[in-house]
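Novice: Attaching a single structure in structure tokens format; questions to follow.
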Amino acid sequence: MTAFAPLFITMHERDNVAIVANDGGLPAGTTFPSGLTLVDKVPQAHKVALVDIPEGGEVRRYNVPIGYALKAIPAGSWVHERLLRMPAARELVGLPIATVKVPEQPPLEGYTFEGYRNADGSVG
């Protein structure tokens with residue numbers, strides 16, 4: 001059996017949680033290259049606390065508060081809905097339009113696309 005390095009995905013540099021990316025999740029005691037050690041078993045595609053989050057503290061993903069800690073959550077803990085008070089839902093009227101411009105990326109080279117371009121420029 002091949003052992004894979006433990007992986008997590010962060011969405012924004014200010015996030016205090018990340019998503020475990022390993023197939024099947026990771027057991028408690030797993031240490032990431034960053035030095036973070038899991039204190040809980042964290043299922044695949046679930047959140048792990050990157051830092052200690054105090055009681056009442058914001059849990060941030062995409063640099064947006066997705067909940068508030070009902071109790072202190074130590075770094076390396078599985079972060080799930082039973083540990084969070086969810087924020088109030090926003091009104092649908094007057095939602096702001098995204099204004100953050102994504103930095104332009106250099107074009108990809110050396111890749112192919114198995115599809116076709118339509119007359120209008122769209123692809124299929």
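Chain labels follow the order of the structure tokens: the first chain is A, the next B, and so on; residue numbering restarts at 1 in every chain, and ligands are counted from 1 in their shown order.
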For the interface of stretch 39-72 of chain A with stretch 82-97 of chain A (cut-off 9 Å, counting only C-alpha atoms), please tabulate each contacting residue of stretch 39-72 of chain A alongside its nearest pair of atoms and their separation in Å to one decimal, rows sorted by chain and increasing number, as CSV.
Specialist:
residue,atom,partner,partner_atom,distance
A:Gly56,CA,A:Arg85,CA,8.5
A:Val59,CA,A:Leu84,CA,8.2
A:Pro65,CA,A:Pro87,CA,7.6
A:Ile66,CA,A:Pro87,CA,6.6
A:Gly67,CA,A:Met86,CA,4.4
A:Tyr68,CA,A:Arg85,CA,5.0
A:Ala69,CA,A:Leu84,CA,4.8
A:Leu70,CA,A:Leu84,CA,5.3
A:Lys71,CA,A:Leu83,CA,6.9
A:Ala72,CA,A:Leu83,CA,8.9
Novice: Taking 5 positions as the minimum chain separation for residues in the same chain, which residues sit within 9 Å of A:Gly24 when counting only C-alpha atoms? Answer as JSON, numbers by chain.
Specialist: {"A": [42, 43, 44, 45]}
Novice: Restricting it to C-alpha atoms, dump the selection as an mmCIF file, in the first residue's frame.
Specialist:
data_model
loop_
_atom_site.group_PDB
_atom_site.id
_atom_site.type_symbol
_atom_site.label_atom_id
_atom_site.label_comp_id
_atom_site.auth_asym_id
_atom_site.auth_seq_id
_atom_site.Cartn_x
_atom_site.Cartn_y
_atom_site.Cartn_z
ATOM 1 C CA VAL A 42 -11.175 14.286 10.081
ATOM 2 C CA PRO A 43 -13.246 12.825 7.229
ATOM 3 C CA GLN A 44 -12.355 13.601 3.630
ATOM 4 C CA ALA A 45 -13.754 16.949 2.418
#
Novice: Where does DSSP see strand (DSSP E or B) in chain A, if you list the residues as a PyMOL selection string?
Specialist: chain A and resi 8-9+17-20+26+31+37+42+47-49+53+58-61+64-69+73+78-79+84-85+117+123
Novice: Tell me which protein, DNA and RNA residues are within 7 Å of A:Gly115, counting only C-alpha atoms, leaving out same-chain ones fewer than 2 positions away, and put them as a list of chain:residue names.
Specialist: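 Answer for this query is A:Phe113, A:Val123, A:Gly124.
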Novice: Include N, CA, C and O atoms and write out the residues we just selected as a short mmCIF file (atom, residue, chain, number, x, y, z; two decimals), in the first residue's frame.
Specialist:
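New file part_7.cif:
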data_model
loop_
_atom_site.label_atom_id
_atom_site.label_comp_id
_atom_site.auth_asym_id
_atom_site.auth_seq_id
_atom_site.Cartn_x
_atom_site.Cartn_y
_atom_site.Cartn_z
N PHE A 113 -7.04 20.27 -25.63
CA PHE A 113 -8.44 20.23 -25.25
C PHE A 113 -9.16 19.32 -26.23
O PHE A 113 -9.11 19.55 -27.43
N VAL A 123 -17.39 26.56 -26.40
CA VAL A 123 -16.78 25.26 -26.69
C VAL A 123 -17.71 24.13 -26.26
O VAL A 123 -18.62 24.32 -25.45
N GLY A 124 -17.49 22.97 -26.82
CA GLY A 124 -18.28 21.80 -26.46
C GLY A 124 -17.42 20.56 -26.46
O GLY A 124 -16.25 20.58 -26.73
#
Novice: Between A:Ile19, A:Leu7, A:Ala49, A:Lys101, which residue has the minimum interatomic distance to A:Phe32, considering only C-alpha atoms?
Specialist: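 Closest to A:Phe32, using only C-alpha atoms: A:Leu7.
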Novice: Can you list, as a list in words, every protein, DNA or RNA residue that comes within 12 Å of A:Pro27 when you count only C-alpha atoms, leaving out same-chain residues fewer than 2 positions away?
Specialist: Pro6, Val20, Asn22, Asp23, Gly24, Gly25, Gly29, Thr30, Thr31, Phe32, Thr37, Leu38, Val39, Asp40, Lys41, Val42, Pro43, Gln44, Val48, Gly76, Ser77 and Trp78 of chain A
Novice: Save out the residues we just selected, N, CA and C atoms, as a PDB file, in the first residue's frame.
Specialist:
ATOM      1  N   PRO A   6      -0.277  13.756   3.913  1.00  0.00           N
ATOM      2  CA  PRO A   6      -1.536  14.387   4.304  1.00  0.00           C
ATOM      3  C   PRO A   6      -1.691  15.728   3.577  1.00  0.00           C
ATOM      4  N   VAL A  20      -9.720  18.806   4.401  1.00  0.00           N
ATOM      5  CA  VAL A  20      -8.872  17.620   4.271  1.00  0.00           C
ATOM      6  C   VAL A  20      -9.136  17.001   2.905  1.00  0.00           C
ATOM      7  N   ASN A  22      -7.405  14.155   1.579  1.00  0.00           N
ATOM      8  CA  ASN A  22      -7.009  12.757   1.407  1.00  0.00           C
ATOM      9  C   ASN A  22      -8.209  11.835   1.298  1.00  0.00           C
ATOM     10  N   ASP A  23      -8.145  10.892   0.365  1.00  0.00           N
ATOM     11  CA  ASP A  23      -9.186   9.893   0.181  1.00  0.00           C
ATOM     12  C   ASP A  23      -9.415   9.160   1.501  1.00  0.00           C
ATOM     13  N   GLY A  24     -10.639   9.158   1.989  1.00  0.00           N
ATOM     14  CA  GLY A  24     -10.960   8.490   3.246  1.00  0.00           C
ATOM     15  C   GLY A  24     -10.708   9.322   4.487  1.00  0.00           C
ATOM     16  N   GLY A  25     -10.181  10.532   4.340  1.00  0.00           N
ATOM     17  CA  GLY A  25      -9.898  11.375   5.496  1.00  0.00           C
ATOM     18  C   GLY A  25      -8.572  11.022   6.131  1.00  0.00           C
ATOM     19  N   GLY A  29      -3.684  12.405  15.088  1.00  0.00           N
ATOM     20  CA  GLY A  29      -2.247  12.191  15.204  1.00  0.00           C
ATOM     21  C   GLY A  29      -1.492  12.451  13.916  1.00  0.00           C
ATOM     22  N   THR A  30      -2.209  12.599  12.789  1.00  0.00           N
ATOM     23  CA  THR A  30      -1.552  12.898  11.522  1.00  0.00           C
ATOM     24  C   THR A  30      -0.925  14.282  11.609  1.00  0.00           C
ATOM     25  N   THR A  31       0.325  14.400  11.154  1.00  0.00           N
ATOM     26  CA  THR A  31       1.009  15.690  11.145  1.00  0.00           C
ATOM     27  C   THR A  31       1.249  16.121   9.705  1.00  0.00           C
ATOM     28  N   PHE A  32       0.854  17.347   9.391  1.00  0.00           N
ATOM     29  CA  PHE A  32       1.044  17.927   8.072  1.00  0.00           C
ATOM     30  C   PHE A  32       2.445  18.533   7.972  1.00  0.00           C
ATOM     31  N   THR A  37      -0.939  19.181  13.676  1.00  0.00           N
ATOM     32  CA  THR A  37      -1.235  17.789  14.012  1.00  0.00           C
ATOM     33  C   THR A  37      -2.713  17.662  14.321  1.00  0.00           C
ATOM     34  N   LEU A  38      -3.358  16.664  13.706  1.00  0.00           N
ATOM     35  CA  LEU A  38      -4.787  16.454  13.935  1.00  0.00           C
ATOM     36  C   LEU A  38      -5.035  15.910  15.329  1.00  0.00           C
ATOM     37  N   VAL A  39      -5.991  16.510  16.034  1.00  0.00           N
ATOM     38  CA  VAL A  39      -6.390  16.006  17.353  1.00  0.00           C
ATOM     39  C   VAL A  39      -7.622  15.112  17.240  1.00  0.00           C
ATOM     40  N   ASP A  40      -8.281  15.165  16.088  1.00  0.00           N
ATOM     41  CA  ASP A  40      -9.457  14.333  15.807  1.00  0.00           C
ATOM     42  C   ASP A  40      -9.252  13.643  14.466  1.00  0.00           C
ATOM     43  N   LYS A  41      -9.984  12.555  14.257  1.00  0.00           N
ATOM     44  CA  LYS A  41     -10.087  11.980  12.914  1.00  0.00           C
ATOM     45  C   LYS A  41     -10.919  12.963  12.109  1.00  0.00           C
ATOM     46  N   VAL A  42     -10.452  13.331  10.918  1.00  0.00           N
ATOM     47  CA  VAL A  42     -11.175  14.286  10.081  1.00  0.00           C
ATOM     48  C   VAL A  42     -11.527  13.594   8.770  1.00  0.00           C
ATOM     49  N   PRO A  43     -12.831  13.459   8.483  1.00  0.00           N
ATOM     50  CA  PRO A  43     -13.246  12.825   7.229  1.00  0.00           C
ATOM     51  C   PRO A  43     -12.813  13.637   6.010  1.00  0.00           C
ATOM     52  N   GLN A  44     -12.685  12.945   4.885  1.00  0.00           N
ATOM     53  CA  GLN A  44     -12.355  13.601   3.630  1.00  0.00           C
ATOM     54  C   GLN A  44     -13.391  14.675   3.326  1.00  0.00           C
ATOM     55  N   VAL A  48     -10.826  21.309   8.989  1.00  0.00           N
ATOM     56  CA  VAL A  48      -9.924  21.176  10.125  1.00  0.00           C
ATOM     57  C   VAL A  48      -9.507  22.588  10.539  1.00  0.00           C
ATOM     58  N   GLY A  76      -6.126  21.745  14.720  1.00  0.00           N
ATOM     59  CA  GLY A  76      -6.070  20.319  14.415  1.00  0.00           C
ATOM     60  C   GLY A  76      -7.375  19.591  14.669  1.00  0.00           C
ATOM     61  N   SER A  77      -8.399  20.308  15.127  1.00  0.00           N
ATOM     62  CA  SER A  77      -9.701  19.696  15.412  1.00  0.00           C
ATOM     63  C   SER A  77     -10.567  19.640  14.171  1.00  0.00           C
ATOM     64  N   TRP A  78     -11.430  18.621  14.127  1.00  0.00           N
ATOM     65  CA  TRP A  78     -12.455  18.522  13.096  1.00  0.00           C
ATOM     66  C   TRP A  78     -13.486  19.606  13.394  1.00  0.00           C
TER      67      TRP A  78
END
Novice: Quick one: pull the distance between atom CA of A:Pro33 and atom CA of A:Pro74, Å, one decimal.
Specialist: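 So the two atoms, atom CA of A:Pro33 and atom CA of A:Pro74, lie 18.2 Å apart.
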Novice: Within 12 Å of A:His12, counting only C-alpha atoms, which residues show up once you throw out same-chain ones fewer than 5 positions away? Write them as a VMD selection string, please.
Specialist: chain A and resid 17 to 19 60 to 64
Novice: Which distance in Å separates atom CA of A:Leu36 and atom CA of A:Val51, to one decimal?
Specialist: 8.6 Å
Novice: What's the separation between atom CA of A:Val79 and atom CA of A:Val100, in Å to one decimal place?
Specialist: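 Rounded to one decimal, the two atoms are 27.8 Å apart.
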